[in-house]
Structure formats: C-alpha cells, structure tokens
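A.B. asks: Dropping a structure here in structure tokens format, bear with me for questions.
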Amino acid sequence: MADWMSQQGTVGEALTRQGISRRSLLKYSSYLATLLALPPTSSQAIAQALAGAKRQSVIWLSFQECTGCIESLTRSFSPSVEEMIFNLISLDYQETLQAAAGEAAERARLEAMEANKGKYVVVVDGSVSTRDGGIYSTAAGKTNLEVLKETAKDALAILSVGTCSSFGGIPRAHPNPTGAEPVSAIITDKPIINVSGCPPMPEVIAGTIAYLVTFGKLPELDHLGRPKPFFGDNIHDRCYRRPFYDQGKFAKSFDDAGAREGWCLYELGCKGPVTYNACATIKWNGNTSFPIQSGHGCLGCSEPNFWDAGSFYKPLPGRMTGAGEAVLGAAAVGAVAGAGSAFIARRRKAAASDPSASPSVPEGADQ
Amino acid sequence: MSPRDVGHDGGQFAQVSTGMAHAVEREIGQHLLALAHDGTEAAIDLRSIPMSDADRAELEESLGRGEVSATLDAMGRSDIWETAHAGVWWVRHFGTEGQVMAERIEIARVPDILRADPADVEAAAIRLGRARDFIDAHADSVAGG
Ligand code: SF4
C-alpha cells in the first residue's frame with residue numbers, strides 16, 4: 001500500500017500533499033450529496049467538513065471471502081472516486097493492498113490498534129468460521145475468530161462490507177461446513193454497519209465511509225443494519241421495468257418476444273420485489289447498467305440467505321405490490337411546480353441526517 | 001425498438017418526455033425570485049430526480065445558453081455554463097473516464113466551484129513565494145544563461 005494511504009493528519013492536508021485542489025473536493029462533495037440524497041446546497045458544507053476532518057484510521061480484515069468486495073471498491077468505475085476515498089481514510093492494514101508481509105504486517109495491525117485505540121474503524125469482508133474454534137480459516141497462525149475479537153475490542157465501529165460479513169453469505173449457505181457466521185453474530189457490543197451485496201456497490205462502500213468521516217456518526221440504518229440512504233428503497237420500486245409489472249406484461253423466457261420488448265422479469269425469478277439495494281438507481285460500471293437492465297432478474301444478493309432462498313429462476317410466491325410509486329408514476333406527479341424537490345424530499349426521509357445543518361468534524365461515532 | 005436496444009438499456013423510459021422538465025423549470029423560477037429578492041442561493045440535483053434523457057435534453061434546450069461558460073479540469077472535466085437566464089447555471093461534472101458524476105442547476109450569482117478556495121490560494125502563494133526565492137537565489141546563473 002502506498003505510504004500516503006496510511007498517513008495520519010487531516011483530509012485537507014492529505015489532498016494538498018497529493019496536489020488535489022479544493023475544487024476537486026467540492027466536486028466530489030457534489031457527487032456525495034447526490035449519492036446520499038442530501039440537499040445539493042450541502043456540498044460546500046460537506047467539502048469544508050471533510051477538509052478539516054482527521055483521516056479515519058481503518059483496519060481492514062478479510063476473512064472467508066472471494067476478494068470481490070475489495071475488487072469492487074478498487075476497480076470502481078472512476079479511479080478518481082477510489083483515490084478520493086483513500087484520501088479520507090488512513091488504511092493502516094489491508095492484506096491484499098499492503099506491501100508489508102508476515103510479521104511486519106501483523107505488527108502494523110497491532111501498532112495501528114494501539115495508536116488509535118477506541119478511534120479506529122474495522123472494515124470486515126468475509127464471514128467468520130466458528131466451527132471447531134474457527135480453525136477452518138486462519139492467517140498468521142490465528143483464527144479469523146480470534147483476530148476479529150482482538151481487533152474489534154478497541155474499535156469505534158465496524159463496517160461489514162459484503163453479504164458474507166453482513167449476513168454470512170455464500171460460506172454460510174447450506175450445509176455451512178465451516179460454521180460461518182456474520183460479524184454481528186460474534187461482536188455484539190460495537191456499532192455495526194452492514195453494507196451488503198455480493199459484491200456491494202463501490203459507491204455504497206465509498207459513500208458510507210465518506211458519511212462516517214464527514215458527519216462523525218453512523219448513518220441511519222434499516223432493520224438489518226444497512227445504511228438507509230442506499231438500502232431504503234427496494235429494487236422493484238425503482239425498476240424501470242415496473243410499468244410492465246403493473247400492466248401484467250411478463251417475459252416468459254429469456255428470449256421470447258416479451259423479453260425483447262423489455263417486459264418485467266418477475267416470472268423468470270426476479271427477486272427485485274424483496275431486495276433492498278441501490279442497483280436500480282446508481283447502477284454498475286459508471287451508471288451503465290444493472291442485472292435487470294442487462295436482461296436477467298435480480299438475484300437478491302444483498303439480502304440474508306439469498307443463496308438458499310430457492311431457485312434464482314423460480315418466481316416469488318404471489319404477485320407482490322411494492323411500497324412505493326413506480327418510476328413513471330412519480331414522474332407524472334412532476335407536472336406541478338416544485339415536484340423535483342418533492343421527490344427528493346421523499347428520498348430524503350430515508351437519508352441519514354439533516355443535511356442543511358453543517359456537518360460536524362468527526363470526533364467519534366455517537367450512536 | 002431493436003432487440004439490442006431492449007437488451008442494453010431496456011429503456012423506453014429514456015426516450016419518454018414526462019413533463020418533468022417543465023416542473024423543474026418552474027422550480028428554478030421560484031428560486032430565481034428568491035435570489036433576486038434577498039440573495040438566497042439554491043441548487044437542484046438533476047440526478048436525484050427521475051428525469052429521462054429526453055427530459056434533460058428538453059430542459060437544457062429550454063433554458064438555453066447565456067454569456068458565460070467555463071471548463072474545469074479537476075478530477076475529470078466539468079462543464080459549467082450560465083443559461084439564458086442570468087443567475088441560473090448548469091453544472092455538469094464528469095469523472096476521469098468521461099461518465100457524468102453529478103449534474104445540477106445552481107441558482108447563484110457565481111457557482112461556488114468557480115471561486116478559488118482560500119486553502120488553494122494559500123498553497124499557491126506559498127508555492128509562488130518559493131519559486132520567487134529560488135529565482136532570487138539563482139539570479140546570477142539565470143541572468144548569465
Ligand atoms: S419484478 Fe423485477 S424486473 Fe419486474 S419490475 Fe420488479 S424488479 Fe423489475
């Protein structure tokens with residue numbers, strides 16, 4: 001890992017060292033305001049808070065995982081987003097990215113824990129093996145279970161990145177030979193944010209970290225511990241195929257006339273109606289597409305037990321009715337003045353903070 | 001619509017004009033009144049509103065182009081222009097790979113992002129000071145070629 005990735009100091013200092021202008025920060029803040037559904041006028045306050053904020057010490061632990069989560073972040077569509085997020089944090093330990101190996105690497109983790117006692121954030125990707133004392137997944141002679149408990153002890157908060165660390169994911173799928181469990185089943189005395197998805201969206205990982213650094217607190221979470229700004233809506237309510245669902249127009253196979261007309265994929269097993277994530281709005285690969293747009297139903301990968309929830313190609317039982325309005329329904333409301341704001345206000349109910357208030361420089365998570 | 005269109009963007013929605021452009025324009029009008037009255041600035045995040053591509057094009061055309069336009073080169077390009085209505089700015093931020101990261105209408109005398117930030121000014125002054133010192137210290141060799 002590059003030296004500057006693990007340097008302390010403020011975000012502003014880090015940017016100056018990198019030769020990144022405050023205009024870039026303001027531009028990134030505009031992007032964050034969009035992502036987090038905050039009022040567009042808050043971008044200047046976000047930029048100021050970020051510039052003065054201390055870089056958040058982060059210790060990233062990888063357990064029973066496929067490296068897809070860190071790949072999702074580091075291969076995000078825009079190198080600039082990735083670079084910016086690494087300016088917000090001091091990445092003190094990350095096995096895949098760090099240059100140090102062996103004992104030096106372990107020493108780095110222990111030193112970061114000591115230096116930032118009570119203030120560091122632990123990011124975990126992967127589930128934790130618990131069967132037979134957790135011996136099915138070990139590194140440097142220690143089980144993941146031991147390392148998690150040891151590292152979480154003095155942490156400020158834990159960010160479970162990906163469905164494996166949030167809910168157990170694929171390692172926990174039947175018959176779960178390693179006794180895989182999510183972080184929340186093991187650590188019960190620390191605030192935990194679940195950023196689920198297999199993999200999670202890079203914008204959601206980055207946006208959640210940026211929220212923590214900017215506001216110095218956890219975003220509002222849903223009943224599964226996921227940040228509401230990203231997991232407040234289900235895919236079905238934001239799906240552009242929704243008008244076809246409402247009209248009862250369904251593709252019956254992947255290459256029939258209905259599929260070619262872009263009809264709803266419900267009868268082909270789409271799990272959009274029971275899945276909460278931001279794929280339908282933020283989309284993947286720089287807003288290019290998402291599975292449903294590419295012609296395949298949603299697998300529901302950000303939900304617990306998605307792997308064991310029946311066939312990906314079997315329709316959900318019974319026609320579901322979504323909680324929100326269909327996209328075109330909301331647009332039709334737009335015929336009145338101020339409809340843009342009204343729509344945003346509705347989204348903002350799910351957003352985490354009163355954005356018109358100046359964000360505070362983080363002292364520590366207060367939730 | 002060709003099968004390729006459906007497979008890729010499925011998007012009849014992209015082509016539909018929903019009336020949203022008209023609604024946003026009215027909202028801009030209200031904010032502009034506030035700017036004229038007491039200087040209150042506002043912004044509308046176009047990516048947070050369910051606007052189709054057709055809606056965005058309609059809004060862009062109807063707001064027109066004014067006297068000022070600027071290109072910013074910071075973490076990718078940004079195009080900023082004053083619309084035909086003084087105080088109404090279109091700000092379009094691109095990422096380093098040319099994709100739109102954020103797009104907003106700002107109702108302000110000057111968009112914040114065009115002003116030089118005090119921290120950047122300070123850093124520039126220090127840099128320039130150092131350059132001056134360097135030139136002064138090497139004046140002889142510089143003058144002597
Ligand atoms: S069932 Fe799936 S494809 Fe159909 S509208 Fe809902 S999310 Fe979209």
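Just so we're on the same page: first chain in the structure tokens is A, next is B, and so on; residues restart at 1 for each chain, and ligands are numbered from 1 in the order they show up.
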Could I get the residue neighbourhood of ligand 1 at 6 Å, counting only C-alpha atoms and all ligand atoms, as a JSON list (two decimals) with N, CA and C atoms, in the first residue's frame?
C.D. replies:
```json
[["chain", "number", "residue", "atom", "x", "y", "z"],
["A", 235, "ILE", "N", -35.54, -2.72, -5.05],
["A", 235, "ILE", "CA", -35.22, -2.69, -6.48],
["A", 235, "ILE", "C", -36.49, -2.52, -7.31],
["A", 236, "HIS", "N", -37.52, -3.23, -6.91],
["A", 236, "HIS", "CA", -38.80, -3.25, -7.64],
["A", 236, "HIS", "C", -39.40, -1.84, -7.74],
["A", 239, "CYS", "N", -37.36, 0.11, -10.28],
["A", 239, "CYS", "CA", -37.02, -0.59, -11.53],
["A", 239, "CYS", "C", -37.73, 0.05, -12.71],
["A", 241, "ARG", "N", -38.52, -1.34, -15.33],
["A", 241, "ARG", "CA", -39.48, -2.28, -15.93],
["A", 241, "ARG", "C", -40.79, -2.32, -15.15],
["A", 242, "ARG", "N", -40.86, -1.57, -14.07],
["A", 242, "ARG", "CA", -42.02, -1.61, -13.20],
["A", 242, "ARG", "C", -43.35, -1.32, -13.91],
["A", 245, "TYR", "N", -44.67, -4.50, -15.09],
["A", 245, "TYR", "CA", -45.20, -5.32, -13.99],
["A", 245, "TYR", "C", -46.62, -4.87, -13.68],
["A", 264, "CYS", "N", -41.30, -7.12, -17.81],
["A", 264, "CYS", "CA", -40.90, -7.47, -16.44],
["A", 264, "CYS", "C", -40.39, -8.92, -16.33],
["A", 265, "LEU", "N", -39.38, -9.13, -15.49],
["A", 265, "LEU", "CA", -38.72, -10.44, -15.37],
["A", 265, "LEU", "C", -39.22, -11.24, -14.16],
["A", 266, "TYR", "N", -40.32, -10.80, -13.59],
["A", 266, "TYR", "CA", -40.87, -11.43, -12.38],
["A", 266, "TYR", "C", -41.05, -12.94, -12.55],
["A", 270, "CYS", "N", -37.19, -13.01, -10.91],
["A", 270, "CYS", "CA", -36.60, -11.78, -10.38],
["A", 270, "CYS", "C", -36.94, -11.59, -8.89],
["A", 272, "GLY", "N", -36.30, -8.77, -7.29],
["A", 272, "GLY", "CA", -36.36, -7.33, -7.05],
["A", 272, "GLY", "C", -37.39, -6.90, -6.02],
["A", 273, "PRO", "N", -38.58, -7.52, -6.00],
["A", 273, "PRO", "CA", -39.60, -7.06, -5.04],
["A", 273, "PRO", "C", -39.22, -7.26, -3.58],
["A", 292, "ILE", "N", -30.95, -6.31, -14.15],
["A", 292, "ILE", "CA", -32.27, -6.30, -14.79],
["A", 292, "ILE", "C", -32.21, -5.58, -16.14],
["A", 297, "GLY", "N", -33.01, -11.35, -14.17],
["A", 297, "GLY", "CA", -33.67, -10.93, -12.93],
["A", 297, "GLY", "C", -32.65, -10.69, -11.82]]
```
A.B. asks: Give me every strand (DSSP E or B) residue in chain B, going by DSSP on the backbone, as a PyMOL selection string.
C.D. replies: chain B and resi 42-45+69-73+77-82+88-94+100-107
A.B. asks: Go through region 3-142 of chain B and collect every residue that DSSP, computed from the backbone, puts in helix (DSSP H, G or I); the answer should be as an NGL selection string.
C.D. replies: :B and (3-9 or 12-15 or 20-38 or 46-48 or 53-63 or 112-114 or 118-137 or 139-142)
A.B. asks: Compile the contact shell of region 143-148 of chain A as an mmCIF file with N, CA, C and O atoms, in the first residue's frame: residues with an atom at most 8 Å away, counting only C-alpha atoms, same-chain residues fewer than 5 positions apart removed.
C.D. replies:
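Below is the file that was written, around.cif:
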```cif
data_model
loop_
_atom_site.group_PDB
_atom_site.id
_atom_site.type_symbol
_atom_site.label_atom_id
_atom_site.label_comp_id
_atom_site.auth_asym_id
_atom_site.auth_seq_id
_atom_site.Cartn_x
_atom_site.Cartn_y
_atom_site.Cartn_z
ATOM 1 N N LEU A 61 -10.061 -6.146 7.625
ATOM 2 C CA LEU A 61 -9.819 -7.574 7.831
ATOM 3 C C LEU A 61 -10.568 -8.398 6.788
ATOM 4 O O LEU A 61 -11.762 -8.187 6.577
ATOM 5 N N PHE A 63 -11.769 -12.140 5.750
ATOM 6 C CA PHE A 63 -11.930 -13.498 6.278
ATOM 7 C C PHE A 63 -12.378 -14.462 5.175
ATOM 8 O O PHE A 63 -11.747 -14.522 4.136
ATOM 9 N N VAL A 128 -17.125 -15.357 9.201
ATOM 10 C CA VAL A 128 -16.165 -15.858 10.188
ATOM 11 C C VAL A 128 -16.473 -17.321 10.497
ATOM 12 O O VAL A 128 -17.596 -17.663 10.874
ATOM 13 N N SER A 129 -15.475 -18.153 10.339
ATOM 14 C CA SER A 129 -15.645 -19.565 10.666
ATOM 15 C C SER A 129 -15.702 -19.712 12.182
ATOM 16 O O SER A 129 -14.856 -19.165 12.893
ATOM 17 N N THR A 130 -16.716 -20.436 12.673
ATOM 18 C CA THR A 130 -16.824 -20.614 14.134
ATOM 19 C C THR A 130 -16.765 -22.086 14.544
ATOM 20 O O THR A 130 -16.560 -22.399 15.722
ATOM 21 N N GLY A 133 -13.844 -24.100 16.908
ATOM 22 C CA GLY A 133 -12.995 -22.987 17.343
ATOM 23 C C GLY A 133 -12.546 -22.094 16.209
ATOM 24 O O GLY A 133 -11.644 -21.273 16.375
ATOM 25 N N GLY A 134 -13.134 -22.253 15.040
ATOM 26 C CA GLY A 134 -12.817 -21.368 13.913
ATOM 27 C C GLY A 134 -11.583 -21.785 13.135
ATOM 28 O O GLY A 134 -11.036 -20.993 12.357
ATOM 29 N N ILE A 135 -11.170 -23.051 13.292
ATOM 30 C CA ILE A 135 -9.896 -23.480 12.667
ATOM 31 C C ILE A 135 -9.948 -23.565 11.140
ATOM 32 O O ILE A 135 -8.924 -23.750 10.501
ATOM 33 N N TYR A 136 -11.137 -23.413 10.541
ATOM 34 C CA TYR A 136 -11.218 -23.577 9.078
ATOM 35 C C TYR A 136 -10.780 -22.335 8.308
ATOM 36 O O TYR A 136 -10.736 -22.360 7.089
ATOM 37 N N SER A 137 -10.524 -21.261 8.997
ATOM 38 C CA SER A 137 -9.974 -20.086 8.310
ATOM 39 C C SER A 137 -9.003 -19.380 9.249
ATOM 40 O O SER A 137 -9.406 -18.821 10.268
ATOM 41 N N THR A 138 -7.738 -19.452 8.890
ATOM 42 C CA THR A 138 -6.709 -18.860 9.754
ATOM 43 C C THR A 138 -5.718 -18.069 8.914
ATOM 44 O O THR A 138 -5.593 -18.295 7.715
#
```
A.B. asks: Applying 6 Å and only C-alpha atoms, which residues near region 90-105 of chain B remain after dropping the ones on its own chain fewer than 2 positions away? List them as a PyMOL selection string.
C.D. replies: (chain A and resi 31) or (chain B and resi 43-46+75-81)
A.B. asks: Given the choices A:Ser24, A:Asn277, A:Thr163, A:Asn87, which gets closest to chain B if the distance is worked out from only C-alpha atoms?
C.D. replies: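 Looking at the shortest contact to chain B, the residue is A:Ser24.
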A.B. asks: With only C-alpha atoms as the counted atoms, please give the residues lying no more than 9 Å from region 119-132 of chain B, apart from itself and same-chain residues fewer than 5 positions off, as a PyMOL selection string.
C.D. replies: (chain A and resi 12+16+21-23) or (chain B and resi 137)
A.B. asks: Keeping only N, CA and C atoms, write the selected residues to a file as an mmCIF file, in the first residue's frame.
C.D. replies:
```
data_model
loop_
_atom_site.group_PDB
_atom_site.id
_atom_site.type_symbol
_atom_site.label_atom_id
_atom_site.label_comp_id
_atom_site.auth_asym_id
_atom_site.auth_seq_id
_atom_site.Cartn_x
_atom_site.Cartn_y
_atom_site.Cartn_z
ATOM 1 N N GLY A 12 -7.755 17.479 4.375
ATOM 2 C CA GLY A 12 -7.264 18.623 3.617
ATOM 3 C C GLY A 12 -5.759 18.545 3.398
ATOM 4 N N THR A 16 -3.701 18.290 -0.125
ATOM 5 C CA THR A 16 -2.654 19.231 -0.524
ATOM 6 C C THR A 16 -1.378 18.459 -0.885
ATOM 7 N N SER A 21 -6.827 19.809 -5.686
ATOM 8 C CA SER A 21 -7.383 21.107 -5.310
ATOM 9 C C SER A 21 -8.691 20.952 -4.532
ATOM 10 N N ARG A 22 -9.059 22.043 -3.835
ATOM 11 C CA ARG A 22 -10.332 22.042 -3.112
ATOM 12 C C ARG A 22 -11.507 21.990 -4.098
ATOM 13 N N ARG A 23 -11.267 22.431 -5.307
ATOM 14 C CA ARG A 23 -12.344 22.312 -6.309
ATOM 15 C C ARG A 23 -12.671 20.839 -6.530
ATOM 16 N N ALA B 137 17.565 33.506 -5.553
ATOM 17 C CA ALA B 137 18.811 32.867 -5.125
ATOM 18 C C ALA B 137 19.694 32.491 -6.301
#
```
A.B. asks: What lies within 12 Å of region 279-281 of chain A using only C-alpha atoms, ignoring chain neighbours under 4 positions off, as JSON, numbers by chain?
C.D. replies: {"A": [34, 35, 36, 37, 196, 197, 198, 199, 200, 201, 202, 203, 204, 229, 230, 231, 232, 233, 234, 235, 236, 237, 238, 239, 240, 241, 242, 272, 273, 275, 285, 286, 287, 288, 289, 290, 291, 292, 293, 294, 297, 298, 299, 300, 301, 302, 327, 347], "B": [9, 47, 48, 49, 50, 51]}
A.B. asks: Of the candidates B:Ala139, B:Ala74, B:Ala34, B:Val110, which one gets nearest to chain A if we count only C-alpha atoms?
C.D. replies: B:Ala74
A.B. asks: I'd like the interatomic distance between CA of Ser311 (chain A) and CA of Leu268 (chain A), to a tenth of an Å.
C.D. replies: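 Between CA of Ser311 (chain A) and CA of Leu268 (chain A) the gap works out to 10.2 Å.
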A.B. asks: Residues near Glu267 (chain A), anyone? I mean within 7 Å using only C-alpha atoms, not counting same-chain ones fewer than 4 positions away, as a ChimeraX atom specification.
C.D. replies: /A:250-252,315
A.B. asks: Tell me, in Å to one decimal, how far CA of Ile28 (chain B) is from CA of Ser52 (chain B).
C.D. replies: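 Straight-line distance from CA of Ile28 (chain B) to CA of Ser52 (chain B) works out to 18.3 Å.
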